[in-house]
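Novice: I'm passing along model23.tsv; it holds TSV, C-alpha atoms and all ligand atoms.
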```tsv
chain	number	residue	atom	x	y	z
A	23	MET	CA	-57.86	78.32	17.98
A	24	PRO	CA	-61.17	77.05	16.51
A	25	ALA	CA	-62.32	79.01	13.45
A	26	GLU	CA	-65.72	78.59	11.77
A	27	TRP	CA	-65.73	78.29	7.98
A	28	GLY	CA	-69.18	77.58	6.61
A	29	ASN	CA	-70.37	74.46	8.42
A	30	CYS	CA	-66.89	73.42	9.54
A	31	VAL	CA	-65.14	74.14	12.80
A	32	VAL	CA	-61.42	73.80	12.10
A	33	GLU	CA	-58.28	74.35	14.17
A	34	GLU	CA	-56.19	77.30	13.02
A	35	PHE	CA	-52.60	77.36	14.30
A	36	VAL	CA	-50.40	80.22	13.12
A	37	CYS	CA	-46.66	80.08	13.78
A	38	ARG	CA	-45.04	83.13	12.21
A	39	THR	CA	-42.06	83.95	14.43
A	40	LYS	CA	-38.68	82.59	13.35
A	41	ILE	CA	-37.07	81.03	16.45
A	42	ILE	CA	-33.28	80.84	16.78
A	43	SER	CA	-32.07	79.09	19.93
A	44	GLY	CA	-28.89	77.94	21.65
A	45	SER	CA	-25.77	79.22	23.35
A	46	GLY	CA	-24.48	82.27	21.42
A	47	ALA	CA	-27.69	82.64	19.37
A	48	VAL	CA	-27.48	86.44	19.69
A	49	SER	CA	-24.79	86.40	16.99
A	50	ALA	CA	-27.63	85.73	14.48
A	51	LEU	CA	-28.41	89.46	14.74
A	52	GLY	CA	-25.38	90.09	12.55
A	53	GLN	CA	-27.06	88.20	9.67
A	54	MET	CA	-30.06	90.50	9.55
A	55	GLY	CA	-28.47	93.17	7.40
A	56	GLY	CA	-29.41	96.05	9.72
A	57	LYS	CA	-27.55	99.37	9.58
A	58	LYS	CA	-29.65	101.43	11.97
A	59	LEU	CA	-30.58	99.79	15.28
A	60	PHE	CA	-33.19	100.86	17.84
A	61	LEU	CA	-32.64	98.82	21.02
A	62	VAL	CA	-35.34	98.67	23.71
A	63	THR	CA	-34.11	97.48	27.11
A	64	ASP	CA	-33.96	98.33	30.83
A	65	PRO	CA	-31.21	99.98	32.91
A	66	TYR	CA	-29.98	96.61	34.26
A	67	PHE	CA	-28.82	95.50	30.80
A	68	VAL	CA	-27.08	98.79	30.07
A	69	LYS	CA	-25.21	98.60	33.38
A	70	SER	CA	-24.26	94.92	32.94
A	71	GLY	CA	-22.82	95.61	29.46
A	72	GLN	CA	-25.19	93.11	27.81
A	73	ALA	CA	-27.01	95.84	25.85
A	74	GLU	CA	-23.69	96.93	24.35
A	75	ARG	CA	-22.79	93.33	23.43
A	76	VAL	CA	-26.13	92.85	21.69
A	77	ALA	CA	-25.77	96.16	19.84
A	78	LEU	CA	-22.28	95.14	18.67
A	79	ALA	CA	-23.56	91.74	17.51
A	80	SER	CA	-26.07	93.50	15.23
A	81	GLY	CA	-23.20	95.10	13.28
A	82	CYS	CA	-25.24	98.34	12.96
A	83	GLN	CA	-23.20	101.55	12.69
A	84	GLU	CA	-26.00	103.83	13.89
A	85	ARG	CA	-27.88	103.06	17.13
A	86	GLU	CA	-30.26	104.45	19.67
A	87	VAL	CA	-30.90	102.77	23.03
A	88	PHE	CA	-34.25	103.29	24.77
A	89	ASP	CA	-33.54	102.01	28.30
A	90	ARG	CA	-36.46	103.41	30.27
A	91	ILE	CA	-38.37	100.14	30.73
A	92	ARG	CA	-39.68	99.32	34.21
A	93	PRO	CA	-41.70	96.24	35.22
A	94	ASP	CA	-45.32	96.39	34.04
A	95	PRO	CA	-44.98	99.09	31.33
A	96	THR	CA	-47.53	101.91	31.27
A	97	VAL	CA	-49.29	103.35	28.22
A	98	GLU	CA	-47.43	106.64	28.91
A	99	LEU	CA	-44.08	104.83	28.58
A	100	VAL	CA	-45.24	103.21	25.35
A	101	ALA	CA	-46.24	106.63	23.98
A	102	GLU	CA	-42.81	108.08	24.88
A	103	GLY	CA	-40.99	105.13	23.29
A	104	THR	CA	-43.18	105.23	20.17
A	105	ALA	CA	-42.31	108.91	19.60
A	106	ARG	CA	-38.56	108.15	19.94
A	107	LEU	CA	-38.86	105.14	17.63
A	108	LYS	CA	-40.68	107.13	14.93
A	109	ALA	CA	-38.17	109.98	15.12
A	110	PHE	CA	-35.18	107.59	14.78
A	111	ALA	CA	-36.73	105.48	11.95
A	112	PRO	CA	-34.49	102.38	12.30
A	113	ASP	CA	-34.18	99.43	9.92
A	114	LEU	CA	-33.89	96.96	12.84
A	115	LEU	CA	-35.80	96.98	16.15
A	116	VAL	CA	-34.50	94.75	18.97
A	117	ALA	CA	-36.06	94.18	22.41
A	118	LEU	CA	-33.70	92.79	25.08
A	119	GLY	CA	-35.19	91.98	28.50
A	120	GLY	CA	-38.05	90.30	30.31
A	121	GLY	CA	-41.73	90.27	29.41
A	122	SER	CA	-42.11	93.95	30.36
A	123	THR	CA	-39.46	95.05	27.85
A	124	LEU	CA	-40.76	92.77	25.11
A	125	ASP	CA	-44.36	93.93	25.62
A	126	CYS	CA	-43.36	97.60	25.57
A	127	ALA	CA	-41.31	97.19	22.37
A	128	LYS	CA	-44.13	95.23	20.69
A	129	ALA	CA	-46.64	97.95	21.52
A	130	MET	CA	-44.23	100.67	20.34
A	131	ALA	CA	-43.74	98.89	16.99
A	132	TYR	CA	-47.50	98.42	16.67
A	133	PHE	CA	-48.29	102.10	17.22
A	134	ALA	CA	-45.31	103.39	15.17
A	135	ARG	CA	-46.45	101.24	12.18
A	136	GLY	CA	-42.88	100.88	10.91
A	137	THR	CA	-41.82	98.31	8.30
A	138	TYR	CA	-38.63	97.11	10.08
A	139	PRO	CA	-38.41	93.65	11.68
A	140	LEU	CA	-38.87	93.25	15.44
A	141	VAL	CA	-36.42	90.84	17.08
A	142	ALA	CA	-37.34	89.77	20.63
A	143	ILE	CA	-34.54	88.51	22.92
A	144	PRO	CA	-36.07	87.31	26.21
A	145	THR	CA	-33.80	87.34	29.26
A	146	THR	CA	-36.26	85.61	31.57
A	147	SER	CA	-37.76	82.17	30.90
A	148	GLY	CA	-41.30	83.23	31.54
A	149	SER	CA	-43.68	85.43	29.60
A	150	GLY	CA	-43.39	83.78	26.17
A	151	SER	CA	-44.00	87.29	24.81
A	152	GLU	CA	-41.38	86.64	22.08
A	153	VAL	CA	-43.97	84.55	20.19
A	154	THR	CA	-47.34	85.90	21.31
A	155	ASP	CA	-49.99	88.29	20.01
A	156	PHE	CA	-50.24	89.86	23.50
A	157	ALA	CA	-48.78	93.00	25.08
A	158	ILE	CA	-49.85	93.75	28.66
A	159	LEU	CA	-49.99	97.50	29.30
A	160	THR	CA	-50.91	99.30	32.52
A	161	HIS	CA	-53.16	102.34	32.66
A	162	ASP	CA	-54.55	103.86	35.87
A	163	ARG	CA	-53.48	100.79	37.92
A	164	VAL	CA	-55.31	98.42	35.55
A	165	LYS	CA	-53.37	95.92	33.40
A	166	HIS	CA	-54.89	95.69	29.92
A	167	PRO	CA	-53.94	92.85	27.57
A	168	LEU	CA	-53.65	94.29	24.05
A	169	VAL	CA	-54.25	91.37	21.67
A	170	ASP	CA	-53.51	91.61	17.94
A	171	PRO	CA	-51.65	89.34	15.48
A	172	ARG	CA	-49.58	92.36	14.40
A	173	LEU	CA	-47.95	92.36	17.85
A	174	ARG	CA	-46.17	89.07	17.22
A	175	PRO	CA	-42.37	89.54	16.83
A	176	ASP	CA	-40.76	88.49	13.53
A	177	VAL	CA	-37.78	86.78	15.17
A	178	ALA	CA	-37.21	85.34	18.67
A	179	ILE	CA	-33.64	84.73	19.79
A	180	LEU	CA	-33.37	82.31	22.71
A	181	ASP	CA	-29.78	82.61	23.90
A	182	SER	CA	-28.98	80.59	27.03
A	183	ASP	CA	-25.84	82.71	27.68
A	184	LEU	CA	-28.14	85.55	28.80
A	185	LEU	CA	-29.59	83.37	31.57
A	186	GLN	CA	-26.39	82.48	33.41
A	187	GLN	CA	-26.72	85.33	35.96
A	188	LEU	CA	-30.51	85.07	36.37
A	189	PRO	CA	-31.24	85.63	40.10
A	190	LYS	CA	-32.94	82.74	41.89
A	191	HIS	CA	-36.13	84.66	42.64
A	192	LEU	CA	-36.57	85.39	38.91
A	193	VAL	CA	-36.00	81.72	38.00
A	194	ALA	CA	-38.79	80.84	40.44
A	195	GLU	CA	-41.29	83.59	39.57
A	196	THR	CA	-40.92	83.48	35.79
A	197	GLY	CA	-40.78	79.66	35.87
A	198	PHE	CA	-44.16	79.58	37.58
A	199	ASP	CA	-45.47	81.89	34.84
A	200	VAL	CA	-44.45	79.20	32.30
A	201	LEU	CA	-46.25	76.46	34.24
A	202	THR	CA	-49.36	78.65	34.49
A	203	HIS	CA	-49.34	79.46	30.76
A	204	ALA	CA	-49.08	75.75	29.97
A	205	VAL	CA	-51.82	74.66	32.40
A	206	GLU	CA	-54.22	77.43	31.36
A	207	ALA	CA	-53.60	77.00	27.61
A	208	TYR	CA	-54.10	73.22	27.88
A	209	CYS	CA	-57.50	73.67	29.55
A	210	ALA	CA	-58.61	76.82	27.69
A	211	LYS	CA	-61.81	76.94	25.65
A	212	ASN	CA	-59.88	77.52	22.41
A	213	ALA	CA	-57.35	74.72	22.94
A	214	GLY	CA	-56.77	72.36	20.00
A	215	VAL	CA	-54.64	69.33	19.16
A	216	ILE	CA	-51.60	71.39	18.11
A	217	SER	CA	-51.70	73.91	20.96
A	218	ASP	CA	-52.10	70.94	23.35
A	219	LEU	CA	-48.84	69.44	22.07
A	220	TYR	CA	-46.90	72.59	22.91
A	221	ALA	CA	-48.66	73.12	26.25
A	222	ARG	CA	-48.09	69.53	27.41
A	223	GLU	CA	-44.42	69.51	26.44
A	224	ALA	CA	-43.86	72.96	27.98
A	225	PHE	CA	-45.49	71.87	31.24
A	226	SER	CA	-43.65	68.58	31.72
A	227	SER	CA	-40.33	70.01	30.63
A	228	ALA	CA	-40.53	73.11	32.90
A	229	TYR	CA	-41.87	71.05	35.83
A	230	ALA	CA	-38.93	68.65	35.56
A	231	ALA	CA	-36.19	71.27	35.06
A	232	LEU	CA	-37.23	74.12	37.39
A	233	PRO	CA	-35.83	72.69	40.68
A	234	ALA	CA	-32.39	72.16	39.06
A	235	SER	CA	-32.46	75.61	37.45
A	236	TYR	CA	-33.38	77.15	40.82
A	237	ALA	CA	-30.53	75.24	42.47
A	238	GLY	CA	-28.14	76.99	40.08
A	239	ARG	CA	-27.59	74.25	37.48
A	240	THR	CA	-27.29	76.62	34.53
A	241	GLU	CA	-27.03	73.79	31.97
A	242	VAL	CA	-30.82	73.19	32.29
A	243	ARG	CA	-31.74	76.84	31.68
A	244	LEU	CA	-32.09	76.45	27.89
A	245	LYS	CA	-34.65	73.70	28.54
A	246	VAL	CA	-36.81	76.05	30.64
A	247	HIS	CA	-36.27	78.84	28.09
A	248	LEU	CA	-37.61	76.64	25.28
A	249	ALA	CA	-40.51	75.59	27.51
A	250	ALA	CA	-41.40	79.27	28.04
A	251	THR	CA	-41.52	79.82	24.28
A	252	MET	CA	-43.56	76.65	23.68
A	253	ALA	CA	-46.05	77.70	26.37
A	254	GLY	CA	-46.30	81.09	24.63
A	255	MET	CA	-47.01	79.35	21.29
A	256	ALA	CA	-49.77	77.37	23.00
A	257	PHE	CA	-51.53	80.19	24.81
A	258	THR	CA	-51.40	82.70	21.98
A	259	GLN	CA	-53.62	80.22	20.07
A	260	ALA	CA	-55.64	78.66	22.87
A	261	GLY	CA	-56.05	81.55	25.29
A	262	LEU	CA	-55.47	81.58	29.06
A	263	GLY	CA	-57.85	81.53	32.02
A	264	LEU	CA	-58.98	82.84	35.38
A	265	CYS	CA	-55.51	82.69	36.96
A	266	HIS	CA	-54.14	85.21	34.45
A	267	ALA	CA	-57.27	87.37	34.58
A	268	MET	CA	-56.88	87.62	38.39
A	269	ALA	CA	-53.08	88.07	38.20
A	270	HIS	CA	-53.57	91.03	35.83
A	271	SER	CA	-56.24	92.53	38.07
A	272	LEU	CA	-54.16	92.14	41.27
A	273	GLY	CA	-50.86	93.07	39.56
A	274	GLY	CA	-52.22	96.42	38.37
A	275	LEU	CA	-53.30	97.35	41.90
A	276	PHE	CA	-50.53	95.91	44.07
A	277	HIS	CA	-47.44	95.58	41.81
A	278	VAL	CA	-46.58	92.07	42.93
A	279	PRO	CA	-44.44	90.40	40.19
A	280	HIS	CA	-46.64	88.60	37.66
A	281	GLY	CA	-45.17	85.09	38.12
A	282	ARG	CA	-45.36	85.38	41.90
A	283	LEU	CA	-49.09	86.15	41.65
A	284	ASN	CA	-49.60	83.15	39.38
A	285	ALA	CA	-47.83	80.93	41.93
A	286	ILE	CA	-50.19	82.16	44.65
A	287	LEU	CA	-53.31	81.76	42.49
A	288	LEU	CA	-52.74	78.62	40.38
A	289	PRO	CA	-53.55	75.87	42.94
A	290	ALA	CA	-56.75	77.73	43.94
A	291	VAL	CA	-57.80	78.17	40.30
A	292	ILE	CA	-57.17	74.46	39.58
A	293	GLY	CA	-59.47	73.67	42.52
A	294	CYS	CA	-62.13	76.04	41.22
A	295	ASN	CA	-62.05	74.65	37.64
A	296	ALA	CA	-61.76	71.04	38.80
A	297	HIS	CA	-65.13	69.80	37.52
A	298	ALA	CA	-65.01	71.64	34.19
A	299	ALA	CA	-61.47	70.52	33.29
A	300	SER	CA	-60.81	67.34	35.30
A	301	ARG	CA	-59.80	65.22	32.27
A	302	LYS	CA	-57.38	67.85	30.96
A	303	TYR	CA	-55.81	68.46	34.38
A	304	ALA	CA	-55.41	64.69	34.85
A	305	GLU	CA	-53.68	64.35	31.46
A	306	LEU	CA	-51.19	67.05	32.41
A	307	ALA	CA	-50.44	65.40	35.75
A	308	ARG	CA	-49.73	62.09	34.02
A	309	ALA	CA	-47.63	63.72	31.29
A	310	ALA	CA	-45.43	65.29	33.99
A	311	GLY	CA	-45.05	61.97	35.82
A	312	MET	CA	-47.23	62.85	38.82
A	313	GLY	CA	-49.36	59.76	38.23
A	314	GLY	CA	-52.92	58.92	39.21
A	315	SER	CA	-54.92	56.38	37.18
A	316	ALA	CA	-58.29	57.86	38.21
A	317	ASP	CA	-58.85	61.45	37.05
A	318	THR	CA	-59.76	62.63	40.56
A	319	ILE	CA	-56.44	61.33	41.96
A	320	ALA	CA	-54.38	62.74	39.07
A	321	LEU	CA	-56.07	66.12	39.50
A	322	ARG	CA	-55.27	66.13	43.21
A	323	ASN	CA	-51.67	65.18	42.40
A	324	LEU	CA	-51.43	68.12	39.97
A	325	ARG	CA	-52.67	70.61	42.55
A	326	ASN	CA	-50.42	69.17	45.27
A	327	GLY	CA	-47.50	69.10	42.83
A	328	MET	CA	-47.93	72.85	42.22
A	329	ILE	CA	-48.10	73.54	45.97
A	330	ARG	CA	-44.99	71.43	46.62
A	331	LEU	CA	-42.99	73.08	43.84
A	332	ARG	CA	-44.08	76.55	45.00
A	333	ARG	CA	-42.66	75.73	48.44
A	334	GLU	CA	-39.44	74.30	46.96
A	335	LEU	CA	-38.93	77.52	44.97
A	336	ASN	CA	-39.57	79.66	48.08
A	337	LEU	CA	-42.56	81.41	46.55
A	338	PRO	CA	-45.33	82.87	48.74
A	339	GLU	CA	-48.55	80.95	49.34
A	340	THR	CA	-50.75	83.97	50.07
A	341	LEU	CA	-51.03	87.64	49.14
A	342	VAL	CA	-50.16	88.52	52.75
A	343	GLN	CA	-46.90	86.57	52.42
A	344	ALA	CA	-46.25	88.57	49.23
A	345	GLY	CA	-46.51	91.79	51.25
A	346	VAL	CA	-50.06	92.81	50.33
A	347	ASP	CA	-52.24	94.26	53.11
A	348	PRO	CA	-55.44	92.12	53.23
A	349	ARG	CA	-57.51	95.20	54.18
A	350	ALA	CA	-56.39	96.83	50.92
A	351	VAL	CA	-57.47	93.70	49.03
A	352	TRP	CA	-60.97	93.74	50.51
A	353	ARG	CA	-61.31	97.51	50.08
A	354	SER	CA	-60.63	96.99	46.34
A	355	ALA	CA	-62.58	93.73	46.04
A	356	GLU	CA	-65.21	95.17	43.71
A	357	ALA	CA	-62.59	96.53	41.29
A	358	ILE	CA	-60.61	93.25	41.47
A	359	VAL	CA	-63.73	91.26	40.57
A	360	SER	CA	-64.91	93.55	37.76
A	361	ASN	CA	-61.42	93.89	36.20
A	362	THR	CA	-61.01	90.10	36.34
A	363	LEU	CA	-64.33	89.47	34.62
A	364	ALA	CA	-63.53	92.11	31.94
A	365	ASP	CA	-60.07	90.65	31.20
A	366	PRO	CA	-59.88	88.78	27.84
A	367	CYS	CA	-58.16	85.82	29.58
A	368	CYS	CA	-61.33	85.19	31.59
A	369	LYS	CA	-63.28	84.44	28.40
A	370	THR	CA	-61.27	81.30	27.60
A	371	ASN	CA	-61.36	79.85	31.13
A	372	PRO	CA	-62.92	76.35	31.00
A	373	LEU	CA	-65.56	77.45	33.52
A	374	GLU	CA	-67.63	80.60	32.94
A	375	GLY	CA	-66.03	83.39	35.05
A	376	GLU	CA	-68.45	84.62	37.72
A	377	ALA	CA	-68.13	87.13	40.55
A	378	PHE	CA	-68.69	84.54	43.33
A	379	LEU	CA	-65.87	82.34	41.95
A	380	VAL	CA	-63.42	85.26	41.90
A	381	ARG	CA	-64.38	86.17	45.48
A	382	ARG	CA	-64.00	82.55	46.58
A	383	ILE	CA	-60.48	82.37	45.11
A	384	LEU	CA	-59.65	85.75	46.65
A	385	GLU	CA	-60.66	84.42	50.08
A	386	GLU	CA	-58.47	81.36	49.60
A	387	VAL	CA	-55.36	83.31	48.55
A	388	THR	CA	-55.49	86.43	50.69
A	389	GLY	CA	-54.29	84.89	53.95
A	390	ARG	CA	-54.36	86.27	57.48
A	391	VAL	CA	-52.36	89.23	58.83
A	401	LIG	N1	-47.09	89.44	26.26
A	401	LIG	C1	-47.30	88.29	26.82
A	401	LIG	O1	-47.66	87.33	26.14
A	401	LIG	C2	-47.11	88.16	28.31
A	401	LIG	C3	-47.34	86.93	28.94
A	401	LIG	C4	-47.12	86.82	30.30
A	401	LIG	C5	-46.69	87.93	31.03
A	401	LIG	N2	-46.51	89.13	30.39
A	401	LIG	C6	-46.09	90.33	31.12
A	401	LIG	O2	-44.67	90.28	31.27
A	401	LIG	C7	-44.30	90.97	32.47
A	401	LIG	C8	-43.45	90.08	33.33
A	401	LIG	O3	-42.28	89.75	32.63
A	401	LIG	P1	-41.08	89.02	33.38
A	401	LIG	O4	-41.63	88.08	34.36
A	401	LIG	O5	-40.18	88.51	32.32
A	401	LIG	O6	-40.37	90.19	34.23
A	401	LIG	P2	-40.03	91.72	33.86
A	401	LIG	O7	-39.78	91.89	32.42
A	401	LIG	O8	-41.10	92.58	34.48
A	401	LIG	O9	-38.64	91.93	34.62
A	401	LIG	C9	-38.57	91.89	36.04
A	401	LIG	C10	-37.17	92.30	36.49
A	401	LIG	O10	-36.22	91.30	36.09
A	401	LIG	C11	-35.03	91.90	35.62
A	401	LIG	N3	-34.38	90.97	34.69
A	401	LIG	C12	-34.87	90.50	33.52
A	401	LIG	N4	-34.00	89.60	32.97
A	401	LIG	C13	-32.94	89.51	33.82
A	401	LIG	C14	-31.72	88.76	33.80
A	401	LIG	N5	-31.42	87.90	32.82
A	401	LIG	N6	-30.86	88.95	34.82
A	401	LIG	C15	-31.14	89.79	35.85
A	401	LIG	N7	-32.28	90.53	35.93
A	401	LIG	C16	-33.16	90.39	34.92
A	401	LIG	C17	-35.52	93.17	34.95
A	401	LIG	O11	-34.47	94.12	34.89
A	401	LIG	C18	-36.65	93.60	35.88
A	401	LIG	O12	-36.19	94.43	36.91
A	401	LIG	C19	-45.60	91.35	33.16
A	401	LIG	O13	-45.91	92.72	32.91
A	401	LIG	C20	-46.62	90.44	32.53
A	401	LIG	O14	-47.92	90.97	32.58
A	401	LIG	C21	-46.69	89.24	29.06
A	402	FE	FE	-48.19	85.11	32.33
```
Please render this file's structure as structure tokens.
Specialist:
Amino acid sequence: MPAEWGNCVVEEFVCRTKIISGSGAVSALGQMGGKKLFLVTDPYFVKSGQAERVALASGCQEREVFDRIRPDPTVELVAEGTARLKAFAPDLLVALGGGSTLDCAKAMAYFARGTYPLVAIPTTSGSGSEVTDFAILTHDRVKHPLVDPRLRPDVAILDSDLLQQLPKHLVAETGFDVLTHAVEAYCAKNAGVISDLYAREAFSSAYAALPASYAGRTEVRLKVHLAATMAGMAFTQAGLGLCHAMAHSLGGLFHVPHGRLNAILLPAVIGCNAHAASRKYAELARAAGMGGSADTIALRNLRNGMIRLRRELNLPETLVQAGVDPRAVWRSAEAIVSNTLADPCCKTNPLEGEAFLVRRILEEVTGRV
């Protein structure tokens, strides 16, 4: 992220989260010296027994489990969780789940202002929330990115054992979220040399491993998991772009999973930003082995590569295919456009976000009934 000091513009890259990765990494919880655990998770992990296993690994005698997380957490849920967290006053806070769980726990810790460490254990390879300054909260059908360095977890545990049962549709959706984070961070206005390194590696590694992960080859899942975290490290510094601004806006209104929306939007956004970011898009295409010596060819290969992969992962191409009524989209078009332009991710898009661009992308992705 560029910072101005006097006459200098320098790149500032902050990496505060301790990252522990590998098969069985959850056992590191036992080294944290906690006695009183507050575990934030969702009902799936309680039912599957994984919440209990994580709680046992912490070695804490006293515990409380807050398992009310649902996809796209609301501010009301955060308020309820914050009250429970303050009343329990733990010495260790652990979040176990996807981006929704991690975001909710981060916001709860932020509002509770406790002094205990927050350990994030992602169970999807997607959001990167375990290393970011973001928490996406929903209020009145609008998704608001809360952005503050105090939201960043102290420890991220990337345990591939938690990914063995990941359903195929989640591999696909959350994997496309990783690709979108990497592409948008690489081309974002605040990108720098260090964030570019993480974004490029995350993109080529996720692009190469996603088909095998989707096909059920669980041995590649740690690779995608690390790519998700690297993409998070990149975008928390560099920012995101129009694809995320539109995905937040549409996700708040229609509750289509976040990664699925990114898959629908990304090729259209690449087309829209083509002139402003052609060199960067071309570099990414080449880094991932899609080739193209001229920038225009490499850019086309990148866009086609995303469309091909989307098809291979059985993701929808339009909002209609994702079950959204096009009449509802056009009835809400004004709100979609204004929420997109107000979203912080829009500010770092390589091209200035404007209403006609958002409408043009909306036309391209809505699809016919
Ligand atoms: N904070 C950030 O930096 C950031 C970045 C991108 C996205 N997000 C947010 O994250 C959310 C999306 O997160 P997500 O894509 O991880 O999905 P999610 O957390 O919304 O979870 C979706 C579903 O997957 C299930 N699930 C999770 N892990 C599983 C596993 N291992 N096995 C079986 N089921 C599992 C959950 O129970 C849930 O029902 C969105 O709200 C999005 O806006 C946040
Ligand atoms: Fe995302």
Novice: Show which residues sit within 10 Å of region 55-62 of chain A, as a PyMOL selection string. Count only C-alpha atoms, and ignore same-chain residues fewer than 2 positions away.
Specialist: chain A and resi 51-53+64+73-74+76-77+80-91+103+106-107+110-119+123-124+126-128+130+138-142
Novice: Using all atoms listed in the file, find all polymer residues with an atom at most 6 Å away from the point (-47.6, 78.6, 28.7); report them as a list of chain:residue names.
Specialist: A:Val200, A:His203, A:Ala204, A:Ala253, A:Gly254, A:Phe257
Novice: From the list A:Gly263, A:Gly28, A:Pro279, A:Pro171, which residue is nearest ligand LIG 401 (chain A) when using all atoms listed in the file?
Specialist: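 Result for the nearest residue to ligand LIG 401 (chain A): A:Pro279.
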Novice: Pick the closest to His266 (chain A) from A:Glu241, A:Glu206, A:Glu376, A:Glu339: which is it, counting only C-alpha atoms?
Specialist: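 Closest to His266 (chain A) of all the choices is A:Glu206.
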Novice: Provide an axis-aligned box for all listed atoms of region 314-329 of chain A, padding each side by 6 Å; report its centre and its edge lengths in Å to one decimal, as AutoDock Vina command-line options.
Specialist:
```
--center_x -53.6 --center_y 65.0 --center_z 41.5 --size_x 24.3 --size_y 29.2 --size_z 20.9
```
Novice: Choose the residue, out of A:Ile143, A:Ala290, A:Ala134, A:Ala213, that has the smallest atom-to-atom separation from ligand LIG 401 (chain A); count all atoms listed in the file.
Specialist: A:Ile143
Novice: What does the structure give for the distance between CA of Arg332 (chain A) and CA of Phe67 (chain A), in Å to one decimal?
Specialist: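 We find that CA of Arg332 (chain A) and CA of Phe67 (chain A) lie 28.2 Å from each other.
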Novice: Write out, as CSV, each residue of chain A that has an atom at most 8 Å from ligand FE 402 (chain A), together with the closest pair of atoms and their distance in Å to one decimal, counting all atoms listed in the file, rows going by chain and rising number.
Specialist:
```
residue,atom,partner,partner_atom,distance
A:Gly148,CA,A:FE402,FE,7.2
A:Ser149,CA,A:FE402,FE,5.3
A:Gly150,CA,A:FE402,FE,7.9
A:Asp199,CA,A:FE402,FE,4.9
A:Val200,CA,A:FE402,FE,7.0
A:Thr202,CA,A:FE402,FE,6.9
A:His203,CA,A:FE402,FE,6.0
A:His266,CA,A:FE402,FE,6.3
A:His280,CA,A:FE402,FE,6.6
A:Gly281,CA,A:FE402,FE,6.5
A:Asn284,CA,A:FE402,FE,7.5
```
Novice: State, in Å with one decimal place, the distance from atom C5 of ligand LIG 401 (chain A) to CA of Ile286 (chain A).
Specialist: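 Calculated distance between atom C5 of ligand LIG 401 (chain A) and CA of Ile286 (chain A) is 15.2 Å.
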Novice: Pick the closest to ligand LIG 401 (chain A) from A:Ala210, A:Val31, A:Ala25, A:Leu159: which is it, counting only C-alpha atoms and all ligand atoms?
Specialist: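 Result for the nearest residue to ligand LIG 401 (chain A): A:Leu159.
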Novice: Of the residues A:Gly238, A:Val205, A:Ala269, A:Ala250, which is the one nearest to Ser300 (chain A), using only C-alpha atoms?
Specialist: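 Checking each candidate against Ser300 (chain A), we get A:Val205 as the closest.
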Novice: To one decimal in Å, tell me the separation between CA of Pro93 (chain A) and CA of Ser217 (chain A).
Specialist: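 Taking CA of Pro93 (chain A) and CA of Ser217 (chain A), their separation equals 28.3 Å.
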Novice: Counting only C-alpha atoms, which residues in region 116-197 of chain A sit no more than 12 Å from region 367-375 of chain A? For each one, give the nearest pair of atoms and the distance in Å, sorted by chain then residue number, as a tab-separated table.
Specialist:
```
residue	atom	partner	partner_atom	distance
A:Phe156	CA	A:Cys367	CA	10.8
A:Ile158	CA	A:Cys367	CA	11.5
A:Lys165	CA	A:Cys367	CA	11.8
A:His166	CA	A:Cys367	CA	10.4
A:Pro167	CA	A:Cys367	CA	8.4
A:Leu168	CA	A:Cys367	CA	11.1
A:Val169	CA	A:Cys367	CA	10.4
```
Novice: My list of candidates is A:Leu99, A:Leu331, A:Ala194, A:Leu363. Which is closest to ligand LIG 401 (chain A) when distances are computed with only C-alpha atoms and all ligand atoms?
Specialist: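 For ligand LIG 401 (chain A), the nearest of the candidates is A:Ala194.
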Novice: If we count all atoms listed in the file and set the cut-off at 10 Å, which residues sit around Val346 (chain A), ignoring sequence neighbours fewer than 3 positions away in its own chain? Please answer as a PyMOL selection string.
Specialist: chain A and resi 272+276-278+340-343+349-351+388-389+391
Novice: Fix up region 192-198 of chain A with N, CA and C atoms, then write it as a CSV table (one decimal), keeping the file's coordinate frame.
Specialist:
```csv
chain,number,residue,atom,x,y,z
A,192,LEU,N,-36.0,85.3,40.3
A,192,LEU,CA,-36.6,85.4,38.9
A,192,LEU,C,-36.8,84.0,38.2
A,193,VAL,N,-35.8,83.1,38.5
A,193,VAL,CA,-36.0,81.7,38.0
A,193,VAL,C,-37.3,81.2,38.5
A,194,ALA,N,-37.6,81.4,39.8
A,194,ALA,CA,-38.8,80.8,40.4
A,194,ALA,C,-40.1,81.5,39.9
A,195,GLU,N,-40.1,82.9,40.0
A,195,GLU,CA,-41.3,83.6,39.6
A,195,GLU,C,-41.6,83.4,38.1
A,196,THR,N,-40.6,83.6,37.2
A,196,THR,CA,-40.9,83.5,35.8
A,196,THR,C,-41.2,82.0,35.4
A,197,GLY,N,-40.5,81.1,36.1
A,197,GLY,CA,-40.8,79.7,35.9
A,197,GLY,C,-42.2,79.3,36.2
A,198,PHE,N,-42.8,79.9,37.3
A,198,PHE,CA,-44.2,79.6,37.6
A,198,PHE,C,-45.1,80.2,36.5
```
